[in-house]
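Trainee: What follows is a structure written as structure tokens; I'll ask about it next.
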Amino acid sequence: MDETMGHIVVASLNRNKIDAVKEVFPLYSVEGVTCDSGVREQPIGLEEIIEGAVNRAKSVFGGCKYSVGIEDGISQVPLTVSGYMNFCCCAIYDGCRTFLGLGPSFEYPRDCTKKVVDEGITISEAFVPISGKPGIGYEEGIIGWLTDGKLSRKDYTKHAVSMAKVQIDNMGLYRVP
């Protein structure tokens with residue numbers, strides 16, 4: 001049997017992302033590798049978020065069945081307090097096709113979002129004065145902090161990975177014309 005058949009490469013060293021993929025693909029071996037997203041460190045706009053996830057997945061493909069890119073960022077959403085919400089995108093790449101999934105979205109406090117948009121800093125940097133945690137994205141995540149641990153970044157990320165996997169699990173319904 002080809003050893004790549006049960007192996008997935010995640011384009012990140014963030015344990016939250018790696019563990020989310022492990023939980024959605026329990027029969028696969030999963031490893032994380034470092035890579036560049038090819039977009040801003042803090043993506044703004046759904047197109048840039050998706051582009052970052054796809055770039056990540058495609059850049060690490062090799063010696064595996066699937067590669068996975070996960071990218072979070074903010075995109076404009078009407079009727080929100082800040083004007084933006086955070087989205088998590090997962091791109092799964094099999095060497096030919098890319099399968100996309102988005103997770104649920106949530107809004108950051110207006111002042112934090114304003115710093116991201118106006119000053120060009122990351123949401124993690126904007127949250128340091130509030131949370132006191134410079135590495136919050138590698139810990140419980142801002143969603144974990146905002147929900148007082150009721151929803152972790154890993155669990156939040158799992159939704160996007162699961163939504164991308166829907167296409168893999170139902171390949172016959174998602175045939176490319």
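Residue numbers start at 1 in each chain; chains themselves are named A, B, ... in the order of the structure tokens; ligands are numbered from 1 in the order shown.
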Residues near A:Ile70, anyone? I mean within 8 Å using only C-alpha atoms, not counting same-chain ones fewer than 2 positions away, as an mmCIF file with C-alpha atoms, in the first residue's frame.
Mentor:
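New file around_17.cif:
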```
data_model
loop_
_atom_site.group_PDB
_atom_site.id
_atom_site.type_symbol
_atom_site.label_atom_id
_atom_site.label_comp_id
_atom_site.auth_asym_id
_atom_site.auth_seq_id
_atom_site.Cartn_x
_atom_site.Cartn_y
_atom_site.Cartn_z
ATOM 1 C CA ALA A 11 0.191 23.964 6.303
ATOM 2 C CA SER A 12 0.744 25.215 9.853
ATOM 3 C CA LYS A 17 -5.230 23.592 13.328
ATOM 4 C CA GLY A 52 -4.539 32.264 1.849
ATOM 5 C CA ALA A 53 -6.060 28.871 2.667
ATOM 6 C CA ARG A 56 -1.218 27.146 2.027
ATOM 7 C CA ALA A 57 -2.761 23.840 0.968
ATOM 8 C CA VAL A 68 -4.787 21.284 4.243
ATOM 9 C CA ASP A 72 -8.674 33.045 9.438
ATOM 10 C CA CYS A 88 -12.201 30.524 9.086
ATOM 11 C CA CYS A 89 -11.598 28.895 5.709
ATOM 12 C CA CYS A 90 -10.267 25.400 5.144
ATOM 13 C CA ALA A 91 -8.874 24.318 1.782
#
```
Trainee: Select from chain A everything DSSP, run on the backbone, classes as strand (DSSP E or B), then give the selection as a PyMOL selection string.
Mentor: chain A and resi 7-10+29-32+44+66-76+84-93+98-102+106
Trainee: Need the shell around A:Gly73: protein/DNA/RNA residues with any atom at most 8 Å away, counting only C-alpha atoms. Skip same-chain ones fewer than 4 positions apart. Format as a list in words?
Mentor: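 Selected residues are Gln42, Pro43, Ile44, Gly45, Leu46, Ile49, Asn86, Phe87 and Cys88 of chain A.
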Trainee: What separation in Å, quoted to one decimal, exists between atom CA of A:Ser29 and atom CA of A:Gly6?
Mentor: 6.2 Å
Trainee: As a VMD selection string, which residues of chain A does DSSP assign to alpha helix (DSSP H)?
Mentor: chain A and resid 15 to 24 46 to 59 110 to 119 123 to 131 141 to 146 153 to 169
Trainee: Could you check how far atom CA of A:Gln76 sits from atom CA of A:Gly141, in Å to one decimal?
Mentor: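 Value for the atom CA of A:Gln76-atom CA of A:Gly141 distance: 20.9 Å.
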Trainee: Given the choices A:Asp148, A:Glu71, A:Asp19, A:Asp155, which gets closest to A:Leu102 if the distance is worked out from only C-alpha atoms?
Mentor: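 Between A:Asp148, A:Glu71, A:Asp19, A:Asp155, the residue approaching A:Leu102 most closely is A:Glu71.
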Trainee: I'd like to know which of A:Val166, A:Pro134, A:Ala20, A:Ile123 is closest to A:Gly101, using only C-alpha atoms.
Mentor: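 Distance minimum relative to A:Gly101 lands on A:Val166.
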Trainee: Hey, which of A:Asp111, A:Met163, A:Lys154, A:Val117 ends up closest to A:Gly137? Count only C-alpha atoms.
Mentor: A:Lys154
Trainee: Which residue, A:Thr157, A:Ser59, A:Thr147, A:Ser131, has the smallest gap to A:Asn16 when you use only C-alpha atoms?
Mentor: A:Thr157
Trainee: Just give me the gap between atom CA of A:Glu47 and atom CA of A:Ile92 in Å, one decimal is fine.
Mentor: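 Taking atom CA of A:Glu47 as the start and atom CA of A:Ile92 as the end point, the length is 16.4 Å.
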Trainee: Quick one: residues within 12 Å of A:Pro109, only C-alpha atoms, excluding same-chain residues fewer than 2 positions away - as a list of chain:residue names?
Mentor: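 Surrounding residues, per the criterion: A:Thr80, A:Val81, A:Ser82, A:Gly83, A:Tyr84, A:Met85, A:Asn86, A:Phe106, A:Glu107, A:Asp111, A:Cys112, A:Thr113, A:Lys114, A:Lys115, A:Val116, A:Ile123, A:Ala126, A:Phe127, A:Ile130, A:Ile142, A:Ile143, A:Leu146.
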Trainee: Taking only C-alpha atoms into account, which of A:Ser124, A:Asn55, A:Asn14, A:Ser67 comes nearest A:Val30?
Mentor: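 Smallest separation from A:Val30 among the options: A:Ser67.
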Trainee: Which is closer to A:Val21 than all the others in A:Ala164, A:Gly149, A:Gly95, A:Tyr138, using only C-alpha atoms?
Mentor: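 Residue with the minimum atom-to-atom distance to A:Val21: A:Ala164.
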